[in-house]
Every structure is written in structure tokens, then in C-alpha cells.
Amino acid sequence: MSALVLSKVTVRYGGIVAVRNVDLEVGDNEILAVLGANGAGKSSLLKGVVGLAKLGSGTVKWGDHDITGSAPYQIARRGIVLVPEGRRVFAPLTVEENLLIGAYTQKSKTWQKSRISHVFSMFPVLAERRAKSAGLLSGGEQQMLAFGRALMANPKLILMDEPSMGLAPVIIDSIMQSVAAIAKEGIGVLMVEQNAAAALEVAHRVVILDRGEIILRGSVDEVRSHPLVLEAFLGKAAVDREKHIP
Amino acid sequence: MQQVINALTLGSIYLLFSLGLTLAWGTLKVLNLAHGAVFVFASLIGFLVTHKFGLSFPLVVGLGMLGAGLLTLLIDAIVFKRIRQISRDERQAELLMLAASLGVAAILASVTRNLTLESHNFGLTPQTFTTIPYFFGPIRVTNMQFMIVFLGVGLVVALALWIRYSRAGRALRALAYDPATCGLMGVNPTSLSAIAMFIAGAMAGLAGILLTVYLGAIGPEAGDSLMLKAFSIIVLGGVGSVWGALVGAMFLAAAESIVLNFTAGGYVDAIAFGMIILVLLIRPRGIIPAEKADRV
Ligand SMILES: Nc1ncnc2c1ncn2[C@@H]1O[C@H](COP(=O)(O)OP(=O)(O)O)[C@@H](O)[C@H]1O
Ligand SMILES: [Mg+2]
């Protein structure tokens, strides 16, 4: 059993502290949601884990390995894959080529073939568009491609940066169902989201990040009814509604 | 017809030279101004090994390509890699690389001048390659011309297939589009760019040896005029586009030979480059923009 363990992680950009003293842990099979408003430090946290941002202090452990300060490609080769904010698909490459880049660390052609059909069965629309340039896909399809590309690496842990961003409500539902399906395969998921309602549908545990610091953590049910969360994410109306319900 | 054969030969040399440059520029965003000096360096290797050891032609070609590839790799590892690390953004990196590679070119040029006894033209020993002419009616084609055109066209096809279908080629296209995300896929940018730089250098080396044998000898400054031509060829064809380089190289060689046929020769560069400017004014992104062609 491998787990991702962050201890006292701090990420700084010059004088700005984007993430301060964050401790958290993600195991396999589980979905940990990190909720926070715009600018809370969610992306910086994930970038710190995968080596895209340098840690000011703290450590990142993956099972028995200390991966603090490793380069992004080294972390990817250990089975930790980031699905970045805004999907970042390789627009000029075809859908199939994007998936094959995802499998860069998995050189066996037969393995790639069976994995691609697995991804296609999960996201049938990608099969239909396999020869199209990824840049021509809709936002929802690009998010599916970004998930598929990550799955091609045979990861043990997927980090997701706001997968719901910019998508229509119906599409968000289906994306969150995919997140649940990914975790069912035994892959750990660390998902950061601004859309608390969507994330709470599928998360197992929740952490609230505010201005770089963790201010609350707990199970979905504990967090869902917490006034801090209600007010910050679900709107003032939700707090009032909660109060009036006996 | 004789002119067509000669233009085709010259165009193939331009092509081999330009391919490496456009590969590094289009995918790694490295505009290596020392590419011409690397080209001359391969001829220098040919000059030295044939005069000292009398090596056979295939060996000379192999050594020239290996030497030029390793030299480019060395420039990448010492200069470009460092610039990538210290640069704030891609723009600054490109500018610094431009300046630094100009410096590298100057250093290599003075090394070459010293090793070849001060700016004399140099070539391989005549016995390294025996030129055999074939006549088709009034047209004369040599075995060297056959080889140059065959290698030029062959390597264009090979490079295009490699970029499109190989694992490394695919990763290079992804790297060109979004290096940070490419790293997240497990691609080591340092080793991938090393592969591309080696290929770029080796192709310049091949062009260097072939042109030296074709002309008999070249001077240390041959790289400079070739750089200028390659620059226009690449901009004409579309940066990073392999097929664009083919079109651009043949276009320039044809333009030059047409001009040479009708004028005294002094205006070759002016008219040939003038034609390129004209084409660019009509199609600013080149004849075959890379995103529409082999980099899609
Ligand atoms: N590359 C950067 N340089 C400087 N400041 C940054 C950079 N990236 C993010 N920040 C700052 O760090 C804070 C957290 O940003 P970010 O991690 O992107 O938040 P989130 O993903 O939660 O919206 C913000 O104040 C943001 O302005
Ligand atoms: Mg963000």
C-alpha cells in the first residue's frame, strides 16, 4: 500500500506565500477533495507535489520514498500523474497521440493497445474522435481526454486540478462520475476544486484550504454541514436554509 | 536540364543543412547560430582524418556526422541547457541562445582557421572519393550528385516519419507545444532535447562532408553563407516544418540557378533572397506552416 504524505508543505513565489504548512495524506482507492476559493493555493499545492513549483519547506513522501524536489518527469515515472488546470491537452496532436504521450513511460505496445481500449470503453466519445486534433474537442471532451491521458500512464495516484472548471452542469456530473470510476480501479485521487457541491458528490474525505492554510478537515458529511463551508462555497442562502431546517 | 540536376544537388545540400536547424528551432525553440560552424567542423574532421590517416569515405562520413552531432550535443549541454534554467521565460531564453550561439560560432570559426593554417580552403584528400560521371545524352550526372540527392530526399522522408510516428518524435511535438505538461507525462526534456540536438548536428555534419567532396574544398566561412540561406529556407517553408524545408531548399536552389543562368552572377544572392521576401509578403507564415503540416 502506497500513500502520498505531505508534511508541513510550504510554497512561495518571491514574497507571496501560496501554501503554508500543509499536512495531508492520500491512500489508494480514496478520493480526497481539497476545496478552496480562487487564489487559495490549490494549484500551487499540486504543483509543489509534482515538482512544477519548488517547495519553500516541508516534505513529500510517496510510500517509502522521499520525492521532495524531484523533477516532474521523475515523479510521473513513480506513478503520480497530474491532470492540470485547464486540461492542457496537446492541441495540435490527435486524440490518439495524446493518449500515447500519456503512455510515454509504458513502452509495451501490447499494453498500450489494451489500455487504449480500456480508456475508450470508459470514454466512448474519445474513440469516435481518435483521429481528430485534440484542440477541436469540446471542454468536456478535453477533460475526458486529460483523464484518459493520465490513465494511460498506469498511475497509482492522480492529482486533478479543478476538473469541473468551465464546464456545463450536466457535463460536470458525468466528469465527477468518471472521477468515482477512476478511484474504483484502485487509483488514489487528490482533487482540488472550487465547485464544492460537485466535489462533495464523489469525495470520501475533504480538506478546506483558505489563503494557503488548511482550516478544516473531515468526512464529507461533517464538512457538508459546516457553516464555514456553507458560507464560503454554497452561498449565504445555503446557510440560512440550513438554519431554518429543524 | 543540366541546370535542374545541379540545382537539385545544391538544393539537397541546403536541405540537409536546414533540416537540423528547423528541427531544433521548431521543437526546442533553439535557433542555433552555431549550426554553420558545426557544418564546417565536420569538414574539418574530414580534412584532418583523410590527411592524417587516409580513412575511407564511409568512415569519414560516419566520423563527420558523429563529431558534428557530439559537438552540437556539447553546445546544448554547456550553453543552451544552462540558458533554459536561468531564463525567466521562453522569449528571454530564445534571445540569450541567439547571442550565445553566435559566440560559440565565433569560437569554432577561429579554431577552424588555426587548425587549417589560416583561412585557406580545405578539402578531403582526392583519393577519398572517386567521382564518376555518367552521361545521359548531353546531361552529366556524377555518382556524388546521385548520392547527395538520394540522401537529401531520403533523410527528409525518414525525419518526417520519425517525427510523426516514433515515440520520441511524438514527444518532441508535445514538447514543442507545451513543455511543462510534457514533463508531467514522464518525458525527460533534457534527454529528449539531447536526441534532437544530436540529430540536428549529425545532419549538418553530413551536409558538410558532402559539400566538401562535391566542391573539392570549402573555406571556414562557408558556414556563414549557408546559415543565411538556411534561415530564408526555413522561414520560407515554415519554422519546424520538414516538408517546408524541402520546398524552401529546392525553391532557393532553383532561383539561384535561374538567376545565374541569365545574369553575370553578382546578383545571385540579391535576386534569390528578393524572391523569398516577395513570397513572405504574400504568405507570412511560410509556404507550409508547421501546424498544418508535419507538426500537427
Ligand atoms: N507563478 C506565480 N508567481 C507568483 N504568484 C503566483 C504564481 N502562481 C500563483 N501565485 C499566487 O499564489 C496564490 C495561490 O495561487 P493558486 O495556487 O493558483 O491558487 P488557486 O489554484 O487556488 O486558484 C495566489 O495569490 C496567486 O496570485
Ligand atoms: Mg488553480
# chains A, B, ... in the order shown; residues from 1 in each chain; ligands from 1

$ interface_residues --of "chain B" --to "chain A" --cutoff "8 Å" --atoms "only C-alpha atoms" --output "PDB file with C-alpha atoms, in the first residue's frame"
ATOM      1  CA  ARG B 167       7.672   7.684 -29.537  1.00  0.00           C
ATOM      2  CA  ARG B 170       5.599  12.387 -30.788  1.00  0.00           C
ATOM      3  CA  ALA B 171       7.093  13.568 -27.506  1.00  0.00           C
ATOM      4  CA  ARG B 173       5.854  17.619 -30.916  1.00  0.00           C
ATOM      5  CA  ALA B 174       4.229  17.636 -27.475  1.00  0.00           C
ATOM      6  CA  TYR B 177       3.545  22.752 -27.836  1.00  0.00           C
ATOM      7  CA  ASP B 178       3.657  22.600 -24.022  1.00  0.00           C
ATOM      8  CA  ALA B 180       5.610  21.748 -18.746  1.00  0.00           C
ATOM      9  CA  THR B 181       2.719  19.379 -19.430  1.00  0.00           C
ATOM     10  CA  GLY B 183       7.198  16.717 -18.337  1.00  0.00           C
ATOM     11  CA  LEU B 184       4.110  15.602 -16.409  1.00  0.00           C
ATOM     12  CA  MET B 185       3.812  12.706 -18.859  1.00  0.00           C
ATOM     13  CA  GLY B 186       7.187  11.352 -17.769  1.00  0.00           C
ATOM     14  CA  VAL B 187       9.175  12.897 -20.626  1.00  0.00           C
ATOM     15  CA  ASN B 188      12.661  13.952 -19.575  1.00  0.00           C
ATOM     16  CA  GLU B 291       0.985  23.337 -37.528  1.00  0.00           C
ATOM     17  CA  ARG B 295       3.896  19.150 -36.634  1.00  0.00           C
ATOM     18  CA  VAL B 296       0.139  18.743 -36.443  1.00  0.00           C
TER      19      VAL B 296
END

$ select_by_dssp --residues "segment 47-292 of chain B" --states "alpha helix (DSSP H)" --output "PyMOL selection string"
chain B and resi 47-53+57-75+81-86+90-115+143-165+167-177+179-184+189-215+222-237+242-262+268-282

$ closest_atom_pairs --of "chain A" --to "ligand 1" --cutoff "10 Å" --atoms "only C-alpha atoms and all ligand atoms" --output "Markdown table"
| residue | atom | partner | partner_atom_place_in_ligand_line | distance |
| --- | --- | --- | --- | --- |
| A:Val11 | CA | ligand 1 | 12 (O) | 8.5 |
| A:Arg12 | CA | ligand 1 | 12 (O) | 7.6 |
| A:Tyr13 | CA | ligand 1 | 4 (C) | 4.8 |
| A:Gly14 | CA | ligand 1 | 4 (C) | 7.1 |
| A:Gly15 | CA | ligand 1 | 4 (C) | 8.7 |
| A:Ile16 | CA | ligand 1 | 5 (N) | 6.4 |
| A:Val17 | CA | ligand 1 | 12 (O) | 6.8 |
| A:Ala18 | CA | ligand 1 | 12 (O) | 4.3 |
| A:Val19 | CA | ligand 1 | 14 (C) | 7.2 |
| A:Val34 | CA | ligand 1 | 22 (O) | 9.6 |
| A:Leu35 | CA | ligand 1 | 22 (O) | 8.5 |
| A:Gly36 | CA | ligand 1 | 22 (O) | 6.1 |
| A:Ala37 | CA | ligand 1 | 22 (O) | 6.1 |
| A:Asn38 | CA | ligand 1 | 23 (O) | 3.9 |
| A:Gly39 | CA | ligand 1 | 19 (O) | 3.5 |
| A:Ala40 | CA | ligand 1 | 22 (O) | 3.9 |
| A:Gly41 | CA | ligand 1 | 17 (O) | 3.3 |
| A:Lys42 | CA | ligand 1 | 22 (O) | 3.6 |
| A:Ser43 | CA | ligand 1 | 21 (O) | 3.6 |
| A:Ser44 | CA | ligand 1 | 17 (O) | 3.6 |
| A:Leu45 | CA | ligand 1 | 17 (O) | 6.4 |
| A:Leu46 | CA | ligand 1 | 17 (O) | 8.2 |
| A:Lys47 | CA | ligand 1 | 17 (O) | 8.1 |
| A:Gly48 | CA | ligand 1 | 17 (O) | 9.6 |
| A:Leu52 | CA | ligand 1 | 1 (N) | 10.0 |
| A:Ala53 | CA | ligand 1 | 1 (N) | 8.3 |
| A:Glu85 | CA | ligand 1 | 21 (O) | 8.1 |
| A:Asp161 | CA | ligand 1 | 21 (O) | 7.7 |
| A:Glu162 | CA | ligand 1 | 21 (O) | 8.2 |
| A:Val192 | CA | ligand 1 | 22 (O) | 8.1 |
| A:Glu193 | CA | ligand 1 | 22 (O) | 8.2 |
| A:Gln194 | CA | ligand 1 | 22 (O) | 7.8 |
| A:Leu209 | CA | ligand 1 | 22 (O) | 8.2 |
| A:Asp210 | CA | ligand 1 | 22 (O) | 8.6 |
| A:Arg211 | CA | ligand 1 | 14 (C) | 7.5 |
| A:Gly212 | CA | ligand 1 | 14 (C) | 7.1 |

$ residues_around --residues "Pro220 of chain B" --least-positions-apart "4" --cutoff "10 Å" --atoms "only C-alpha atoms" --output "PyMOL selection string"
chain B and resi 36-37+39-41+43-44+108-113+116+118-122+224

$ residues_around --residues "Gln145 of chain B" --least-positions-apart "6" --cutoff "12 Å" --atoms "only C-alpha atoms" --output "PyMOL selection string"
chain B and resi 2+4-13+131-134+151-152+210-211+213-215

$ write_last_selection --atoms "C-alpha atoms" --output "CSV table (one decimal), in the first residue's frame"
chain,number,residue,atom,x,y,z
B,2,GLN,CA,21.8,20.2,-66.7
B,4,VAL,CA,18.0,21.2,-63.0
B,5,ILE,CA,20.4,18.5,-62.0
B,6,ASN,CA,22.8,21.0,-60.5
B,7,ALA,CA,20.1,22.8,-58.7
B,8,LEU,CA,18.7,19.6,-57.3
B,9,THR,CA,22.1,18.7,-55.9
B,10,LEU,CA,22.7,22.1,-54.3
B,11,GLY,CA,19.1,22.1,-53.0
B,12,SER,CA,19.7,18.7,-51.3
B,13,ILE,CA,22.8,20.1,-49.5
B,131,THR,CA,33.9,11.0,-58.8
B,132,ILE,CA,32.4,9.0,-61.7
B,133,PRO,CA,30.4,11.0,-64.3
B,134,TYR,CA,27.5,9.4,-66.1
B,151,LEU,CA,20.5,11.2,-49.1
B,152,GLY,CA,18.7,14.6,-49.0
B,210,LEU,CA,29.1,16.0,-48.9
B,211,LEU,CA,29.5,19.7,-49.9
B,213,VAL,CA,33.6,16.5,-51.6
B,214,TYR,CA,31.2,17.9,-54.2
B,215,LEU,CA,33.1,21.2,-54.4

$ select_by_dssp --residues "segment 112-245 of chain B" --states "strand (DSSP E)" --output "number ranges by chain"
B: 133-136, 139-142

$ atom_distance --atom1 "atom CA of Ala196 of chain B" --atom2 "atom CA of Val60 of chain B"
22.2 Å

$ closest_residue --among "A:Ser164, A:Thr10, A:Ser57, A:Thr110" --to "ligand 2" --atoms "only C-alpha atoms and all ligand atoms"
A:Ser164

$ residues_around --residues "segment 261-272 of chain B" --least-positions-apart "6" --cutoff "9 Å" --atoms "only C-alpha atoms" --output "list in words"
Gln3, Leu252, Ala253, Ala254 and Ala255 of chain B

$ residues_around --residues "segment 231-233 of chain B" --least-positions-apart "4" --cutoff "7 Å" --atoms "only C-alpha atoms" --output "list in words"
Met227, Gly237, Ala245, Gly248 and Ala249 of chain B

$ residues_around --residues "Ile195 of chain B" --least-positions-apart "5" --cutoff "12 Å" --atoms "only C-alpha atoms" --output "NGL selection string"
:B and (20 or 23-24 or 27-28 or 69-70 or 72-74 or 76-77 or 168-169 or 171-172 or 188-190 or 200-202)

$ write_last_selection --atoms "N, CA, C and O atoms" --output "compact mmCIF listing (two decimals), in the first residue's frame"
# COMPACT_ATOMS: atom_id res chain seq x y z
N GLY B 20 18.23 20.11 -39.75
CA GLY B 20 18.62 20.10 -38.35
C GLY B 20 18.27 21.41 -37.67
O GLY B 20 17.79 21.44 -36.53
N LEU B 23 14.53 21.64 -37.14
CA LEU B 23 14.12 20.68 -36.09
C LEU B 23 14.33 21.29 -34.71
O LEU B 23 13.44 21.29 -33.86
N ALA B 24 15.54 21.85 -34.48
CA ALA B 24 15.86 22.42 -33.17
C ALA B 24 15.05 23.70 -32.91
O ALA B 24 14.59 23.94 -31.81
N THR B 27 11.01 22.66 -32.62
CA THR B 27 10.57 21.86 -31.48
C THR B 27 11.16 22.35 -30.16
O THR B 27 10.46 22.46 -29.17
N LEU B 28 12.44 22.67 -30.15
CA LEU B 28 13.08 23.05 -28.89
C LEU B 28 13.17 24.55 -28.72
O LEU B 28 13.63 25.04 -27.69
N GLY B 69 27.47 15.81 -34.50
CA GLY B 69 26.37 15.53 -33.56
C GLY B 69 26.82 15.73 -32.13
O GLY B 69 26.14 16.39 -31.33
N LEU B 70 28.01 15.20 -31.80
CA LEU B 70 28.52 15.34 -30.43
C LEU B 70 28.82 16.79 -30.09
O LEU B 70 28.57 17.25 -28.98
N THR B 72 27.32 19.43 -31.29
CA THR B 72 26.04 20.11 -31.04
C THR B 72 25.48 19.73 -29.67
O THR B 72 24.95 20.57 -28.93
N LEU B 73 25.65 18.46 -29.34
CA LEU B 73 25.22 17.96 -28.02
C LEU B 73 25.95 18.70 -26.91
O LEU B 73 25.37 19.08 -25.89
N LEU B 74 27.24 18.90 -27.14
CA LEU B 74 28.09 19.58 -26.16
C LEU B 74 27.64 21.04 -25.99
O LEU B 74 27.52 21.54 -24.87
N ASP B 76 24.71 22.16 -26.55
CA ASP B 76 23.42 22.12 -25.86
C ASP B 76 23.62 21.92 -24.36
O ASP B 76 23.02 22.62 -23.55
N ALA B 77 24.49 20.98 -24.02
CA ALA B 77 24.68 20.64 -22.60
C ALA B 77 25.36 21.77 -21.82
O ALA B 77 25.04 22.01 -20.65
N ALA B 168 9.65 9.09 -29.62
CA ALA B 168 10.41 10.32 -29.37
C ALA B 168 9.90 11.48 -30.22
O ALA B 168 9.81 12.61 -29.76
N GLY B 169 9.54 11.17 -31.47
CA GLY B 169 9.04 12.23 -32.35
C GLY B 169 7.74 12.82 -31.84
O GLY B 169 7.54 14.04 -31.85
N ALA B 171 6.77 12.81 -28.72
CA ALA B 171 7.09 13.57 -27.51
C ALA B 171 7.69 14.93 -27.87
O ALA B 171 7.41 15.94 -27.22
N LEU B 172 8.48 14.98 -28.94
CA LEU B 172 9.06 16.25 -29.39
C LEU B 172 7.97 17.23 -29.80
O LEU B 172 8.03 18.42 -29.49
N ASN B 188 11.52 13.21 -20.08
CA ASN B 188 12.66 13.95 -19.58
C ASN B 188 13.11 14.94 -20.65
O ASN B 188 13.68 14.54 -21.66
N PRO B 189 12.85 16.24 -20.45
CA PRO B 189 13.12 17.21 -21.51
C PRO B 189 14.60 17.27 -21.88
O PRO B 189 14.95 17.49 -23.04
N THR B 190 15.47 17.04 -20.90
CA THR B 190 16.90 17.13 -21.18
C THR B 190 17.36 16.04 -22.15
O THR B 190 18.05 16.31 -23.13
N ALA B 200 20.22 16.94 -35.23
CA ALA B 200 20.42 18.20 -35.95
C ALA B 200 21.89 18.37 -36.34
O ALA B 200 22.22 18.68 -37.49
N GLY B 201 22.78 18.12 -35.38
CA GLY B 201 24.21 18.28 -35.63
C GLY B 201 24.71 17.27 -36.66
O GLY B 201 25.47 17.61 -37.58
N ALA B 202 24.27 16.02 -36.53
CA ALA B 202 24.73 14.97 -37.44
C ALA B 202 24.33 15.29 -38.88
O ALA B 202 25.10 15.05 -39.83

$ decode --residues "segment 40-128 of chain B" --atoms "C-alpha atoms" --output "mmCIF file, in the first residue's frame"
data_model
loop_
_atom_site.group_PDB
_atom_site.id
_atom_site.type_symbol
_atom_site.label_atom_id
_atom_site.label_comp_id
_atom_site.auth_asym_id
_atom_site.auth_seq_id
_atom_site.Cartn_x
_atom_site.Cartn_y
_atom_site.Cartn_z
ATOM 1 C CA VAL B 40 32.374 23.430 -41.122
ATOM 2 C CA PHE B 41 33.634 21.441 -38.144
ATOM 3 C CA ALA B 42 32.550 18.203 -39.869
ATOM 4 C CA SER B 43 34.531 19.156 -42.989
ATOM 5 C CA LEU B 44 37.449 19.929 -40.743
ATOM 6 C CA ILE B 45 37.211 16.440 -39.268
ATOM 7 C CA GLY B 46 37.137 15.084 -42.819
ATOM 8 C CA PHE B 47 40.181 17.175 -43.732
ATOM 9 C CA LEU B 48 42.138 16.035 -40.682
ATOM 10 C CA VAL B 49 41.309 12.312 -40.778
ATOM 11 C CA THR B 50 41.889 11.928 -44.515
ATOM 12 C CA HIS B 51 45.195 13.791 -44.475
ATOM 13 C CA LYS B 52 46.478 12.096 -41.312
ATOM 14 C CA PHE B 53 45.068 8.577 -41.616
ATOM 15 C CA GLY B 54 43.697 8.216 -45.145
ATOM 16 C CA LEU B 55 40.378 6.844 -43.936
ATOM 17 C CA SER B 56 37.793 5.567 -46.434
ATOM 18 C CA PHE B 57 34.789 7.674 -47.481
ATOM 19 C CA PRO B 58 32.056 5.880 -45.479
ATOM 20 C CA LEU B 59 34.208 6.131 -42.361
ATOM 21 C CA VAL B 60 34.785 9.837 -42.970
ATOM 22 C CA VAL B 61 31.045 10.413 -43.344
ATOM 23 C CA GLY B 62 30.374 8.474 -40.142
ATOM 24 C CA LEU B 63 33.043 10.333 -38.201
ATOM 25 C CA GLY B 64 31.931 13.714 -39.562
ATOM 26 C CA MET B 65 28.323 13.074 -38.541
ATOM 27 C CA LEU B 66 29.314 11.693 -35.156
ATOM 28 C CA GLY B 67 31.674 14.602 -34.478
ATOM 29 C CA ALA B 68 29.139 17.229 -35.561
ATOM 30 C CA GLY B 69 26.375 15.528 -33.562
ATOM 31 C CA LEU B 70 28.522 15.339 -30.430
ATOM 32 C CA LEU B 71 29.653 18.935 -30.830
ATOM 33 C CA THR B 72 26.040 20.113 -31.041
ATOM 34 C CA LEU B 73 25.218 17.962 -28.024
ATOM 35 C CA LEU B 74 28.085 19.580 -26.156
ATOM 36 C CA ILE B 75 26.903 23.088 -27.060
ATOM 37 C CA ASP B 76 23.422 22.116 -25.863
ATOM 38 C CA ALA B 77 24.678 20.636 -22.599
ATOM 39 C CA ILE B 78 27.036 23.504 -21.759
ATOM 40 C CA VAL B 79 25.263 26.570 -23.146
ATOM 41 C CA PHE B 80 21.585 26.017 -24.025
ATOM 42 C CA LYS B 81 20.698 23.865 -21.029
ATOM 43 C CA ARG B 82 22.031 26.490 -18.662
ATOM 44 C CA ILE B 83 20.167 29.247 -20.506
ATOM 45 C CA ARG B 84 16.914 27.280 -20.200
ATOM 46 C CA GLN B 85 17.457 27.091 -16.442
ATOM 47 C CA ILE B 86 18.246 30.743 -15.833
ATOM 48 C CA SER B 87 15.747 32.322 -18.228
ATOM 49 C CA ARG B 88 12.591 33.905 -16.902
ATOM 50 C CA ASP B 89 10.547 32.916 -19.931
ATOM 51 C CA GLU B 90 10.763 31.441 -23.407
ATOM 52 C CA ARG B 91 11.369 34.812 -25.066
ATOM 53 C CA GLN B 92 14.366 35.608 -22.951
ATOM 54 C CA ALA B 93 15.715 32.090 -23.470
ATOM 55 C CA GLU B 94 15.445 32.428 -27.241
ATOM 56 C CA LEU B 95 17.257 35.756 -27.228
ATOM 57 C CA LEU B 96 20.044 34.516 -24.935
ATOM 58 C CA MET B 97 20.506 31.398 -27.070
ATOM 59 C CA LEU B 98 20.770 33.527 -30.172
ATOM 60 C CA ALA B 99 23.525 35.634 -28.643
ATOM 61 C CA ALA B 100 25.332 32.712 -27.033
ATOM 62 C CA SER B 101 25.300 30.565 -30.166
ATOM 63 C CA LEU B 102 26.745 33.466 -32.143
ATOM 64 C CA GLY B 103 29.610 33.456 -29.657
ATOM 65 C CA VAL B 104 30.044 29.699 -29.993
ATOM 66 C CA ALA B 105 30.136 30.108 -33.778
ATOM 67 C CA ALA B 106 32.905 32.713 -33.489
ATOM 68 C CA ILE B 107 34.967 30.464 -31.225
ATOM 69 C CA LEU B 108 34.587 27.463 -33.546
ATOM 70 C CA ALA B 109 35.470 29.589 -36.579
ATOM 71 C CA SER B 110 38.743 30.721 -35.069
ATOM 72 C CA VAL B 111 39.604 27.179 -34.011
ATOM 73 C CA THR B 112 38.973 26.052 -37.590
ATOM 74 C CA ARG B 113 41.122 28.828 -39.048
ATOM 75 C CA ASN B 114 44.014 27.895 -36.814
ATOM 76 C CA LEU B 115 43.771 24.178 -37.484
ATOM 77 C CA THR B 116 43.670 24.701 -41.262
ATOM 78 C CA LEU B 117 46.555 27.159 -41.370
ATOM 79 C CA GLU B 118 44.727 30.473 -41.626
ATOM 80 C CA SER B 119 41.699 30.734 -43.877
ATOM 81 C CA HIS B 120 42.894 28.501 -46.713
ATOM 82 C CA ASN B 121 40.211 26.401 -48.284
ATOM 83 C CA PHE B 122 40.407 22.811 -47.211
ATOM 84 C CA GLY B 123 39.075 19.538 -48.522
ATOM 85 C CA LEU B 124 39.443 15.803 -48.198
ATOM 86 C CA THR B 125 42.325 14.044 -49.905
ATOM 87 C CA PRO B 126 41.369 13.430 -53.564
ATOM 88 C CA GLN B 127 41.714 9.647 -53.217
ATOM 89 C CA THR B 128 38.978 9.519 -50.547
#
